[in-house]
$ cat input_14.cif   # mmCIF, C-alpha atoms and all ligand atoms
data_structure
#
loop_
_atom_site.label_atom_id
_atom_site.label_comp_id
_atom_site.auth_asym_id
_atom_site.auth_seq_id
_atom_site.Cartn_x
_atom_site.Cartn_y
_atom_site.Cartn_z
CA MET O 6 140.01 99.60 100.13
CA LYS O 7 140.20 103.33 99.41
CA LYS O 8 136.83 104.88 99.98
CA THR O 9 135.67 107.09 97.16
CA PRO O 10 132.41 109.02 97.48
CA PHE O 11 129.80 108.49 94.77
CA ILE O 12 129.15 112.21 94.75
CA THR O 13 131.43 114.98 93.47
CA LEU O 14 131.83 118.45 94.95
CA GLU O 15 130.17 119.84 91.86
CA LYS O 16 127.11 117.60 92.27
CA ALA O 17 126.92 118.27 96.01
CA ARG O 18 126.96 122.02 95.30
CA GLU O 19 124.29 121.64 92.65
CA ILE O 20 122.04 119.77 95.10
CA SER O 21 122.74 122.04 98.06
CA ALA O 22 121.82 125.09 95.98
CA GLN O 23 118.26 123.70 96.02
CA ILE O 24 118.22 121.53 99.12
CA PRO O 25 120.22 123.03 101.96
CA THR O 26 122.61 120.78 103.86
CA PRO O 27 122.55 118.58 105.82
CA PHE O 28 120.93 115.88 103.68
CA HIS O 29 121.28 112.17 103.09
CA VAL O 30 121.83 111.34 99.44
CA TYR O 31 121.37 107.84 97.96
CA ASP O 32 122.98 106.39 94.84
CA GLU O 33 120.30 104.66 92.76
CA ALA O 34 122.79 103.08 90.34
CA GLY O 35 124.79 101.57 93.21
CA ILE O 36 121.66 100.26 94.96
CA ARG O 37 120.46 98.56 91.78
CA ALA O 38 123.81 97.03 90.86
CA ASN O 39 124.23 95.63 94.37
CA ALA O 40 120.68 94.21 94.46
CA ARG O 41 121.38 92.47 91.14
CA ALA O 42 124.65 91.02 92.46
CA LEU O 43 122.77 89.59 95.46
CA LYS O 44 120.13 88.05 93.22
CA GLN O 45 122.82 86.59 90.98
CA ALA O 46 124.66 85.10 93.97
CA PHE O 47 121.53 83.16 94.95
CA ALA O 48 120.24 82.46 91.44
CA TRP O 49 120.89 78.73 92.06
CA ASN O 50 117.93 78.73 94.48
CA LYS O 51 114.58 78.77 92.71
CA GLY O 52 112.60 80.60 95.34
CA PHE O 53 115.27 83.03 96.50
CA ARG O 54 114.00 86.40 97.64
CA GLU O 55 115.43 89.39 99.48
CA TYR O 56 112.99 91.12 101.84
CA PHE O 57 114.61 94.50 102.43
CA ALA O 58 114.68 95.43 106.13
CA VAL O 59 112.54 98.54 105.92
CA LYS O 60 113.84 99.88 109.25
CA ALA O 61 117.24 100.51 107.62
CA THR O 62 115.91 103.10 105.14
CA PRO O 63 112.17 103.61 105.46
CA ASN O 64 111.53 105.69 102.37
CA PRO O 65 109.01 104.68 99.69
CA TYR O 66 111.29 105.76 96.82
CA ILE O 67 114.02 103.45 98.09
CA LEU O 68 111.50 100.64 98.59
CA GLN O 69 110.26 101.24 95.04
CA VAL O 70 113.76 100.98 93.54
CA LEU O 71 114.31 97.72 95.43
CA LYS O 72 110.89 96.46 94.43
CA GLU O 73 111.82 97.01 90.79
CA GLU O 74 114.85 94.82 91.49
CA GLY O 75 112.57 92.07 92.78
CA CYS O 76 112.86 92.67 96.53
CA GLY O 77 110.03 92.45 99.01
CA CYS O 78 109.77 94.29 102.35
CA ASP O 79 110.71 93.04 105.80
CA CYS O 80 108.62 94.99 108.31
CA SER O 81 108.71 95.04 112.09
CA SER O 82 105.93 97.46 112.99
CA TYR O 83 102.55 98.81 111.97
CA THR O 84 103.95 101.91 110.28
CA GLU O 85 106.54 99.90 108.38
CA LEU O 86 103.69 97.72 107.12
CA LEU O 87 101.88 100.88 105.97
CA LEU O 88 105.03 101.96 104.11
CA ALA O 89 105.27 98.60 102.38
CA GLU O 90 101.61 98.85 101.45
CA ALA O 91 102.18 102.35 100.06
CA VAL O 92 104.54 100.95 97.41
CA GLY O 93 102.19 98.09 96.60
CA CYS O 94 103.95 95.41 98.63
CA THR O 95 101.36 93.12 100.20
CA GLY O 96 100.77 89.39 100.60
CA HIS O 97 103.92 87.32 100.32
CA ASP O 98 105.88 90.39 99.20
CA VAL O 99 105.97 91.21 102.91
CA MET O 100 107.78 89.48 105.75
CA PHE O 101 106.66 90.55 109.20
CA SER O 102 109.52 89.94 111.65
CA SER O 103 108.59 91.67 114.87
CA ASN O 104 109.05 91.13 118.57
CA VAL O 105 106.97 92.26 121.57
CA THR O 106 104.29 92.64 118.93
CA PRO O 107 101.25 94.84 119.58
CA GLU O 108 97.91 93.38 118.52
CA GLN O 109 97.30 96.13 115.97
CA ASP O 110 100.58 95.27 114.23
CA MET O 111 99.84 91.55 114.10
CA GLN O 112 96.36 92.26 112.81
CA LYS O 113 97.69 94.49 110.04
CA ALA O 114 100.28 91.91 108.96
CA TYR O 115 97.58 89.25 108.94
CA ASP O 116 95.15 91.43 106.97
CA MET O 117 97.88 92.15 104.39
CA GLY O 118 98.52 88.42 103.99
CA ALA O 119 102.17 88.88 104.94
CA TYR O 120 104.43 86.04 105.98
CA ILE O 121 104.26 86.23 109.76
CA ASN O 122 107.46 85.39 111.60
CA LEU O 123 106.56 84.44 115.18
CA ASP O 124 109.13 85.55 117.75
CA ASP O 125 107.85 83.22 120.44
CA ALA O 126 105.84 80.04 120.92
CA THR O 127 103.20 81.98 122.90
CA HIS O 128 102.53 84.00 119.75
CA VAL O 129 100.74 80.98 118.27
CA ASP O 130 97.82 81.76 120.58
CA PHE O 131 98.24 85.45 119.90
CA LEU O 132 97.98 84.88 116.14
CA GLU O 133 95.07 82.48 116.54
CA LYS O 134 93.18 85.11 118.49
CA ILE O 135 93.31 87.66 115.68
CA ALA O 136 93.14 85.29 112.68
CA ASP O 137 89.74 84.30 111.25
CA LYS O 138 91.55 81.46 109.53
CA MET O 139 95.18 80.56 110.12
CA PRO O 140 97.59 81.44 107.28
CA GLU O 141 98.81 78.51 105.14
CA THR O 142 102.42 79.35 105.94
CA VAL O 143 103.90 80.57 109.21
CA CYS O 144 107.54 81.40 110.03
CA LEU O 145 109.19 80.76 113.40
CA ARG O 146 112.22 82.56 114.81
CA TYR O 147 114.93 80.40 116.32
CA ASN O 148 117.28 81.20 119.21
CA PRO O 149 119.94 78.49 119.63
CA GLY O 150 121.17 79.89 122.97
CA GLY O 151 124.84 79.61 123.92
CA SER O 152 127.38 81.50 121.89
CA PHE O 153 127.56 81.72 118.13
CA THR O 154 131.08 81.10 116.89
CA ILE O 155 132.73 80.92 113.50
CA SER O 156 136.14 79.22 113.48
CA ASN O 157 136.70 79.88 117.20
CA THR O 158 135.67 83.53 116.99
CA ILE O 159 132.66 84.44 119.11
CA MET O 160 130.35 86.40 116.83
CA ASP O 161 127.56 87.01 119.34
CA MET O 162 125.77 85.55 122.36
CA PRO O 163 122.31 84.27 121.35
CA ARG O 164 121.68 83.19 124.97
CA ASP O 165 121.63 86.88 125.95
CA ALA O 166 119.35 87.89 123.09
CA LYS O 167 115.63 88.49 123.59
CA TYR O 168 114.68 87.11 120.18
CA GLY O 169 113.35 83.79 119.04
CA MET O 170 112.51 80.50 120.71
CA THR O 171 114.23 77.26 121.62
CA GLU O 172 114.20 74.21 119.38
CA ASP O 173 111.74 72.36 121.66
CA GLN O 174 109.44 75.35 121.64
CA MET O 175 109.65 75.47 117.84
CA ALA O 176 108.67 71.81 117.54
CA GLY O 177 105.77 72.36 119.96
CA ALA O 178 104.64 75.46 118.08
CA ILE O 179 104.75 73.58 114.75
CA ASN O 180 102.66 70.74 116.15
CA ARG O 181 100.05 73.19 117.40
CA LEU O 182 100.06 75.19 114.20
CA GLN O 183 99.59 72.02 112.15
CA LYS O 184 96.53 71.18 114.23
CA LEU O 185 95.25 74.68 113.51
CA GLY O 186 95.59 74.04 109.78
CA VAL O 187 98.97 75.59 108.94
CA LYS O 188 100.57 73.63 106.10
CA HIS O 189 104.00 75.14 105.46
CA PHE O 190 106.67 76.56 107.70
CA GLY O 191 109.56 78.98 107.48
CA ILE O 192 112.42 79.15 109.94
CA HIS O 193 114.42 82.26 110.72
CA ALA O 194 117.38 83.35 112.84
CA PHE O 195 119.51 86.46 113.15
CA LEU O 196 122.64 85.53 115.09
CA ALA O 197 125.21 88.25 114.36
CA SER O 198 125.09 91.80 113.08
CA ASN O 199 127.37 93.66 110.64
CA THR O 200 129.54 90.63 109.87
CA THR O 201 132.35 91.13 107.38
CA THR O 202 133.30 87.47 107.01
CA ASN O 203 132.03 85.49 104.04
CA GLU O 204 131.43 82.62 106.48
CA TYR O 205 128.52 84.14 108.43
CA TYR O 206 125.66 83.26 106.10
CA PRO O 207 127.01 79.78 105.24
CA GLU O 208 127.50 79.00 108.96
CA LEU O 209 124.05 80.32 109.89
CA ALA O 210 122.56 78.46 106.92
CA SER O 211 124.10 75.17 107.99
CA ASN O 212 122.65 75.64 111.50
CA LEU O 213 119.22 76.41 110.11
CA PHE O 214 119.33 73.65 107.49
CA ARG O 215 120.19 71.06 110.16
CA LEU O 216 117.43 72.46 112.34
CA ALA O 217 115.02 72.19 109.39
CA VAL O 218 115.88 68.50 108.99
CA ARG O 219 115.40 67.83 112.72
CA LEU O 220 112.10 69.72 112.84
CA LYS O 221 110.82 67.89 109.79
CA ASN O 222 111.74 64.56 111.36
CA ALA O 223 110.22 65.51 114.72
CA THR O 224 106.95 66.95 113.42
CA GLY O 225 106.50 65.77 109.83
CA ALA O 226 106.03 69.41 108.86
CA HIS O 227 106.81 70.78 105.44
CA ILE O 228 109.48 73.47 105.71
CA SER O 229 109.08 75.74 102.70
CA PHE O 230 111.67 78.43 103.38
CA VAL O 231 114.72 79.30 105.44
CA ASN O 232 115.07 82.99 106.22
CA LEU O 233 118.69 83.96 106.82
CA SER O 234 117.60 87.42 107.99
CA GLY O 235 120.08 90.34 108.00
CA GLY O 236 123.57 90.65 109.32
CA ILE O 237 125.86 90.87 106.30
CA GLY O 238 128.03 93.87 107.02
CA VAL O 239 129.90 96.52 105.09
CA ASP O 240 133.45 97.86 105.28
CA TYR O 241 132.89 101.07 107.21
CA ARG O 242 136.67 101.43 107.59
CA PRO O 243 138.88 101.63 104.52
CA GLU O 244 141.20 98.92 105.88
CA GLN O 245 138.33 96.55 106.73
CA PRO O 246 137.65 93.41 104.71
CA CYS O 247 134.59 93.58 102.54
CA CYS O 248 132.11 90.76 101.99
CA ASN O 249 131.96 89.08 98.61
CA ILE O 250 128.35 88.24 97.95
CA SER O 251 129.03 85.67 95.24
CA ILE O 252 131.32 83.73 97.62
CA ILE O 253 128.61 83.97 100.29
CA GLY O 254 125.94 82.68 97.89
CA GLU O 255 128.18 79.81 96.84
CA GLY O 256 128.92 78.95 100.50
CA VAL O 257 125.20 78.74 101.24
CA ARG O 258 124.66 76.61 98.12
CA GLN O 259 127.27 74.08 99.27
CA ARG O 260 125.60 73.71 102.70
CA TYR O 261 122.25 73.34 100.95
CA GLU O 262 123.59 70.51 98.78
CA GLN O 263 125.26 68.84 101.79
CA ILE O 264 122.38 69.04 104.24
CA LEU O 265 119.02 69.59 102.53
CA THR O 266 119.36 67.77 99.22
CA PRO O 267 120.19 64.34 100.75
CA ASN O 268 117.12 64.74 102.96
CA GLY O 269 114.83 65.37 100.03
CA MET O 270 114.31 68.96 101.12
CA ASN O 271 115.57 70.72 98.02
CA ASP O 272 112.34 72.63 97.48
CA ILE O 273 113.28 75.00 100.32
CA ALA O 274 113.47 78.65 99.25
CA ILE O 275 116.16 80.89 100.73
CA PHE O 276 115.00 84.27 101.96
CA THR O 277 117.11 87.16 103.24
CA GLU O 278 116.20 90.31 105.15
CA LEU O 279 119.24 92.44 104.50
CA GLY O 280 119.24 96.11 105.38
CA ARG O 281 122.79 97.34 105.86
CA PHE O 282 124.23 95.34 102.98
CA MET O 283 121.55 96.64 100.59
CA LEU O 284 121.86 100.32 101.40
CA ALA O 285 124.66 101.45 103.74
CA PRO O 286 127.39 102.08 101.12
CA TYR O 287 124.93 103.82 98.82
CA GLY O 288 124.18 106.71 101.16
CA HIS O 289 126.19 109.73 102.23
CA LEU O 290 125.32 112.35 104.79
CA VAL O 291 126.38 115.63 103.17
CA ALA O 292 127.05 118.50 105.56
CA THR O 293 128.60 121.95 105.56
CA VAL O 294 131.43 123.07 107.86
CA LEU O 295 129.99 125.85 110.02
CA HIS O 296 132.72 126.55 112.55
CA GLN O 297 136.23 125.69 113.58
CA LYS O 298 137.72 126.00 117.04
CA HIS O 299 141.16 125.50 118.42
CA ILE O 300 141.30 124.50 122.08
CA TYR O 301 142.98 121.36 123.43
CA ARG O 302 142.10 119.75 120.12
CA GLU O 303 141.21 121.02 116.70
CA TYR O 304 137.44 120.98 116.14
CA VAL O 305 135.42 121.18 112.97
CA GLY O 306 131.68 121.76 113.54
CA LEU O 307 129.13 120.66 110.96
CA ASP O 308 125.52 121.62 110.33
CA ALA O 309 124.72 117.89 110.77
CA CYS O 310 124.70 116.25 114.18
CA ALA O 311 124.00 112.90 115.85
CA ALA O 312 120.28 113.51 115.25
CA ASP O 313 121.07 112.91 111.53
CA LEU O 314 123.38 109.95 112.13
CA MET O 315 123.37 108.33 115.53
CA ARG O 316 125.77 105.43 114.98
CA PRO O 317 129.01 107.18 116.03
CA ALA O 318 127.42 108.52 119.24
CA MET O 319 125.55 105.31 120.02
CA TYR O 320 128.08 102.62 119.13
CA GLY O 321 131.31 104.56 118.67
CA ALA O 322 130.93 103.50 115.05
CA TYR O 323 133.49 104.61 112.47
CA HIS O 324 132.17 106.48 109.45
CA HIS O 325 134.66 107.53 106.83
CA ILE O 326 134.68 111.23 105.93
CA THR O 327 135.68 112.79 102.63
CA VAL O 328 136.09 116.53 102.29
CA LEU O 329 134.58 117.06 98.86
CA GLY O 330 136.97 118.60 96.37
CA LYS O 331 139.90 117.58 98.56
CA GLU O 332 139.77 113.86 97.75
CA ASP O 333 143.44 113.72 96.84
CA ALA O 334 144.80 116.24 99.34
CA ILE O 335 147.25 114.97 101.95
CA LEU O 336 145.81 114.10 105.35
CA ASP O 337 148.11 116.39 107.33
CA HIS O 338 145.59 117.68 109.90
CA VAL O 339 143.96 115.96 112.86
CA TYR O 340 140.42 116.98 113.72
CA ASP O 341 137.45 116.04 115.84
CA VAL O 342 134.47 116.47 113.53
CA THR O 343 131.38 117.30 115.56
CA GLY O 344 127.73 118.19 115.46
CA GLY O 345 126.06 120.78 117.64
CA LEU O 346 124.21 118.67 120.20
CA CYS O 347 124.80 119.44 123.87
CA GLU O 348 126.33 115.99 124.22
CA ASN O 349 130.06 115.42 123.99
CA ASN O 350 129.51 112.13 122.18
CA ASP O 351 128.15 114.10 119.21
CA LYS O 352 131.32 113.49 117.22
CA PHE O 353 131.37 112.02 113.72
CA ALA O 354 135.13 111.54 113.98
CA ILE O 355 137.63 111.71 116.80
CA GLU O 356 141.28 112.62 116.18
CA ARG O 357 140.85 111.79 112.49
CA SER O 358 143.56 112.55 109.93
CA LEU O 359 142.00 114.74 107.29
CA PRO O 360 143.11 117.38 104.81
CA GLN O 361 143.00 121.00 105.90
CA ILE O 362 139.36 121.94 106.36
CA ASP O 363 137.92 125.39 105.77
CA ILE O 364 134.64 126.91 106.83
CA GLY O 365 132.07 126.34 104.07
CA ASP O 366 133.63 123.06 102.92
CA LEU O 367 131.18 120.31 102.06
CA VAL O 368 131.89 116.91 103.60
CA ALA O 369 130.48 113.51 102.70
CA ILE O 370 130.11 111.10 105.59
CA HIS O 371 130.18 107.60 104.11
CA ASP O 372 128.00 104.51 104.51
CA THR O 373 124.98 106.30 105.93
CA GLY O 374 122.44 104.68 103.60
CA ALA O 375 121.20 102.20 106.23
CA HIS O 376 120.45 102.88 109.89
CA GLY O 377 121.32 106.53 109.17
CA HIS O 378 118.41 108.88 108.66
CA SER O 379 116.09 106.21 110.03
CA MET O 380 117.63 106.37 113.50
CA GLY O 381 117.23 110.15 113.55
CA TYR O 382 115.65 111.91 116.47
CA ASN O 383 114.75 115.39 117.65
CA TYR O 384 116.96 115.85 120.69
CA ASN O 385 117.96 119.47 121.34
CA GLY O 386 115.15 120.52 119.03
CA LYS O 387 117.20 119.44 116.02
CA LEU O 388 115.10 118.87 112.94
CA ARG O 389 115.56 115.77 110.82
CA SER O 390 117.30 116.30 107.51
CA ALA O 391 116.11 115.83 103.95
CA GLU O 392 116.75 112.74 101.82
CA VAL O 393 117.75 112.98 98.18
CA LEU O 394 117.87 110.28 95.52
CA LEU O 395 120.68 110.64 92.99
CA ARG O 396 119.20 109.03 89.90
CA GLU O 397 121.03 106.88 87.41
CA ASP O 398 120.99 109.69 84.84
CA GLY O 399 122.70 112.09 87.27
CA SER O 400 119.57 114.07 88.09
CA PHE O 401 118.37 114.24 91.67
CA LEU O 402 115.06 114.04 93.44
CA LEU O 403 113.99 115.21 96.89
CA ILE O 404 112.49 112.05 98.42
CA ARG O 405 111.92 113.47 101.90
CA ARG O 406 111.89 117.14 102.75
CA ALA O 407 113.69 118.39 105.82
CA GLU O 408 111.57 118.87 108.91
CA THR O 409 110.44 122.36 109.82
CA PRO O 410 109.62 123.78 113.26
CA ALA O 411 105.95 123.11 112.42
CA ASP O 412 106.77 119.38 112.30
CA TYR O 413 108.47 119.65 115.68
CA PHE O 414 105.43 121.38 117.16
CA ALA O 415 102.88 119.13 115.42
CA THR O 416 102.47 116.85 118.43
CA LEU O 417 102.41 119.67 120.97
CA ASP O 418 99.59 121.94 121.97
CA CYS O 419 101.02 125.34 122.80
CA THR O 420 97.70 127.17 122.97
CA PRO O 421 97.34 126.99 126.79
CA PHE O 422 100.57 128.95 127.07
CA MET O 423 99.68 131.65 124.58
CA PRO O 424 98.88 135.07 126.02
CA LYS O 425 95.13 135.50 126.41
CA CYS O 426 93.64 138.38 124.48
C1 LIG O 501 117.60 94.75 111.77
C2 LIG O 501 117.05 93.51 111.19
C3 LIG O 501 117.39 93.12 109.89
C4 LIG O 501 118.38 93.87 109.05
O1 LIG O 501 119.64 93.86 109.62
P1 LIG O 501 120.92 94.43 108.85
O2 LIG O 501 121.99 94.39 109.86
O3 LIG O 501 120.58 95.81 108.43
O4 LIG O 501 121.15 93.53 107.69
C5 LIG O 501 116.78 92.00 109.38
N1 LIG O 501 115.89 91.28 110.10
C6 LIG O 501 115.54 91.61 111.35
C7 LIG O 501 114.55 90.79 112.08
C8 LIG O 501 116.11 92.74 111.94
O5 LIG O 501 115.78 93.06 113.20
#
$ encode --input "input_14.cif" --output "structure tokens"
Amino acid sequence: MKKTPFITLEKAREISAQIPTPFHVYDEAGIRANARALKQAFAWNKGFREYFAVKATPNPYILQVLKEEGCGCDCSSYTELLLAEAVGCTGHDVMFSSNVTPEQDMQKAYDMGAYINLDDATHVDFLEKIADKMPETVCLRYNPGGSFTISNTIMDMPRDAKYGMTEDQMAGAINRLQKLGVKHFGIHAFLASNTTTNEYYPELASNLFRLAVRLKNATGAHISFVNLSGGIGVDYRPEQPCCNISIIGEGVRQRYEQILTPNGMNDIAIFTELGRFMLAPYGHLVATVLHQKHIYREYVGLDACAADLMRPAMYGAYHHITVLGKEDAILDHVYDVTGGLCENNDKFAIERSLPQIDIGDLVAIHDTGAHGHSMGYNYNGKLRSAEVLLREDGSFLLIRRAETPADYFATLDCTPFMPKC
């Protein structure tokens, strides 16, 4: 599908007059419409709930918008729990899916009354140690081992993944937890990332539903929810297929009817922990063209770099680029679009066909709303960019200021190196 930015040149200029580039901008209307489509797709399930994966876009304004759409927060660390708490998400509005969990983090999740998703059977003891009284409901993360395939395509290799526990370990953990007074159980698995097939969730769901039946039969436990976690992808490339959330919801419903209903388990709530699907398409990284150079290739240098968006450098990920105001111009130039890090992998695009680019042009890098700003870092002394929320009425709001050198120096003590007077 043709990729059209949600921001015009005019709007980008209006924002950049107040908030200098680079910045990430988020489309509130798009976020809300998509969250509603997800809810609609799973409306057949009484307890359905999306717990937004906070790590994708850890900003309280974004969490607030999603909260207004009925989403909870999926947290993996102490600070993510604090963020959830800051927007009033506590108790069962919070899912805590962590691994290699520090005690402080587990304690905080427990104190908040969050659903705790145990990554390993040994974490039963770990939880017992910090809990005055065991929670009524505990979630367990499953790792089926082997390879995870959908119609002969290998999606990922769970046997190589550090997450979750085996089925036997799950049954053992449930037995122990029941003795400790836990009454209800959730089961969770995350088996493939950024999937663009409508079959991922239904296939994962059927694995987890069958597992739920086996665990119930083996332990007598009451399974109260199945957490399908994240993993629904987006079409980063224009020619890529795009998921259809209503088809996905219907696929999960069919597996539910086939597997859970005949076993009398149709009180199970479906939970999701989507990050990318909820936010990626609704963010752009807006940057200004600073320089051009002509050597063995044509280079366009931006004021943004991999510190603002790491995915191309880290995974070779494709991010579509629109030169604002030149949306309909012919793509008769080939450029490498780069940032200024002293790393040759700091390239947002390699040999990309684009319209003629001029110094001062504003570009929108697409699909940066999830795992974009949040993966930012300070290499080369680069300062993390601002985040802006484009509201439904067309106004905009600074939701995170850009870092300043004072932020960079905040954790350093330079006084020993100052000249003595
Ligand atoms: C990263 C993560 C998610 C979100 O993944 P997306 O690919 O952004 O949907 C959800 N749950 C857990 C446990 C994760 O680690």
$ residues_around --input "input_14.cif" --residues "segment 300-306 of chain O" --least-positions-apart "6" --cutoff "9 Å" --atoms "only C-alpha atoms" --output "list of chain:residue names"
O:Thr293, O:Val294, O:His338, O:Val339, O:Tyr340, O:Asp341, O:Val342, O:Thr343, O:Gly344, O:Gly345, O:Glu356, O:Ile362, O:Asp363, O:Ile364
$ closest_atom_pairs --input "input_14.cif" --of "chain O" --to "ligand LIG 501 (chain O)" --cutoff "7 Å" --atoms "all atoms listed in the file" --output "CSV"
residue,atom,partner,partner_atom,distance
O:Ala58,CA,O:LIG501,C4,5.0
O:Lys60,CA,O:LIG501,C1,6.8
O:Ala61,CA,O:LIG501,O3,5.8
O:Asp79,CA,O:LIG501,N1,7.0
O:Ser102,CA,O:LIG501,C7,5.1
O:Ser103,CA,O:LIG501,C7,6.6
O:Phe195,CA,O:LIG501,C7,6.7
O:Ser198,CA,O:LIG501,O2,5.2
O:Asn199,CA,O:LIG501,O2,5.5
O:Ser234,CA,O:LIG501,N1,4.7
O:Gly235,CA,O:LIG501,O4,3.4
O:Gly236,CA,O:LIG501,O2,4.1
O:Ile237,CA,O:LIG501,O4,5.6
O:Gly238,CA,O:LIG501,O2,6.7
O:Glu278,CA,O:LIG501,C5,4.6
O:Leu279,CA,O:LIG501,O4,3.9
O:Gly280,CA,O:LIG501,O3,3.3
O:Arg281,CA,O:LIG501,O3,3.7
O:Phe282,CA,O:LIG501,O4,5.9
O:Ala375,CA,O:LIG501,O3,6.8
$ residues_around --input "input_14.cif" --residues "segment 120-135 of chain O" --least-positions-apart "5" --cutoff "6 Å" --atoms "only C-alpha atoms" --output "ChimeraX atom specification"
/O:97,100-102,104,143-146,169-170,174,178
$ closest_residue --input "input_14.cif" --among "O:Ala119, O:Cys310, O:Ala166, O:Cys78" --to "Asn385 of chain O" --atoms "all atoms listed in the file"
O:Cys310
$ atom_distance --input "input_14.cif" --atom1 "atom CA of Glu172 of chain O" --atom2 "atom CA of Leu233 of chain O"
16.5 Å
$ residues_around --input "input_14.cif" --residues "Lys72 of chain O" --least-positions-apart "5" --cutoff "10 Å" --atoms "all atoms listed in the file" --output "PyMOL selection string"
chain O and resi 55-57+65-67+77-78+89+92-94+98
$ write_last_selection --input "input_14.cif" --atoms "C-alpha atoms" --output "CSV table (one decimal), in the frame of the given file"
chain,number,residue,atom,x,y,z
O,55,GLU,CA,115.4,89.4,99.5
O,56,TYR,CA,113.0,91.1,101.8
O,57,PHE,CA,114.6,94.5,102.4
O,65,PRO,CA,109.0,104.7,99.7
O,66,TYR,CA,111.3,105.8,96.8
O,67,ILE,CA,114.0,103.4,98.1
O,77,GLY,CA,110.0,92.4,99.0
O,78,CYS,CA,109.8,94.3,102.4
O,89,ALA,CA,105.3,98.6,102.4
O,92,VAL,CA,104.5,101.0,97.4
O,93,GLY,CA,102.2,98.1,96.6
O,94,CYS,CA,104.0,95.4,98.6
O,98,ASP,CA,105.9,90.4,99.2
$ residues_around --input "input_14.cif" --residues "Ala312 of chain O" --least-positions-apart "6" --cutoff "8 Å" --atoms "only C-alpha atoms" --output "list in words"
Met380, Gly381, Tyr382, Asn383, Tyr384, Lys387, Leu388 and Arg389 of chain O
$ residues_around --input "input_14.cif" --residues "segment 261-277 of chain O" --least-positions-apart "4" --cutoff "8 Å" --atoms "only C-alpha atoms" --output "VMD selection string"
chain O and resid 50 to 57 210 to 211 214 to 215 218 228 to 235 257
$ atom_distance --input "input_14.cif" --atom1 "atom CA of Pro25 of chain O" --atom2 "atom CA of Gln297 of chain O"
20.0 Å
$ closest_atom_pairs --input "input_14.cif" --of "segment 40-99 of chain O" --to "segment 30-34 of chain O" --cutoff "12 Å" --atoms "all atoms listed in the file" --output "CSV"
residue,atom,partner,partner_atom,distance
O:Ala40,CA,O:Ala34,CA,10.0
O:Arg41,CA,O:Ala34,CA,10.7
O:Thr62,CA,O:Tyr31,CA,10.2
O:Asn64,CA,O:Tyr31,CA,11.0
O:Tyr66,CA,O:Glu33,CA,9.9
O:Ile67,CA,O:Glu33,CA,8.3
O:Leu68,CA,O:Glu33,CA,11.3
O:Gln69,CA,O:Glu33,CA,10.8
O:Val70,CA,O:Glu33,CA,7.5
O:Leu71,CA,O:Glu33,CA,9.5
O:Glu73,CA,O:Glu33,CA,11.6
O:Glu74,CA,O:Glu33,CA,11.3
$ closest_residue --input "input_14.cif" --among "O:Glu244, O:Asp398, O:Asp116, O:Asp351" --to "Ala311 of chain O" --atoms "all atoms listed in the file"
O:Asp351
$ build_atoms --input "input_14.cif" --residues "segment 337-344 of chain O" --atoms "N, CA, C and O atoms" --output "PDB file, in the coordinates of the input"
ATOM      1  N   ASP O 337     147.066 115.882 106.435  1.00  0.00           N
ATOM      2  CA  ASP O 337     148.110 116.390 107.330  1.00  0.00           C
ATOM      3  C   ASP O 337     147.531 117.189 108.497  1.00  0.00           C
ATOM      4  O   ASP O 337     148.228 117.921 109.161  1.00  0.00           O
ATOM      5  N   HIS O 338     146.213 117.039 108.733  1.00  0.00           N
ATOM      6  CA  HIS O 338     145.590 117.680 109.900  1.00  0.00           C
ATOM      7  C   HIS O 338     144.863 116.613 110.699  1.00  0.00           C
ATOM      8  O   HIS O 338     144.464 115.596 110.148  1.00  0.00           O
ATOM      9  N   VAL O 339     144.702 116.896 112.007  1.00  0.00           N
ATOM     10  CA  VAL O 339     143.960 115.960 112.860  1.00  0.00           C
ATOM     11  C   VAL O 339     142.822 116.728 113.514  1.00  0.00           C
ATOM     12  O   VAL O 339     143.043 117.729 114.190  1.00  0.00           O
ATOM     13  N   TYR O 340     141.611 116.266 113.244  1.00  0.00           N
ATOM     14  CA  TYR O 340     140.420 116.980 113.720  1.00  0.00           C
ATOM     15  C   TYR O 340     139.470 116.049 114.471  1.00  0.00           C
ATOM     16  O   TYR O 340     139.379 114.858 114.164  1.00  0.00           O
ATOM     17  N   ASP O 341     138.703 116.636 115.384  1.00  0.00           N
ATOM     18  CA  ASP O 341     137.450 116.040 115.840  1.00  0.00           C
ATOM     19  C   ASP O 341     136.354 116.722 115.018  1.00  0.00           C
ATOM     20  O   ASP O 341     136.292 117.950 114.978  1.00  0.00           O
ATOM     21  N   VAL O 342     135.541 115.912 114.355  1.00  0.00           N
ATOM     22  CA  VAL O 342     134.470 116.470 113.530  1.00  0.00           C
ATOM     23  C   VAL O 342     133.164 116.285 114.292  1.00  0.00           C
ATOM     24  O   VAL O 342     132.782 115.151 114.612  1.00  0.00           O
ATOM     25  N   THR O 343     132.502 117.379 114.623  1.00  0.00           N
ATOM     26  CA  THR O 343     131.380 117.300 115.560  1.00  0.00           C
ATOM     27  C   THR O 343     130.104 117.901 115.006  1.00  0.00           C
ATOM     28  O   THR O 343     130.117 118.672 114.052  1.00  0.00           O
ATOM     29  N   GLY O 344     129.004 117.518 115.663  1.00  0.00           N
ATOM     30  CA  GLY O 344     127.730 118.190 115.460  1.00  0.00           C
ATOM     31  C   GLY O 344     127.499 119.138 116.630  1.00  0.00           C
ATOM     32  O   GLY O 344     128.358 119.272 117.504  1.00  0.00           O
TER      33      GLY O 344
END
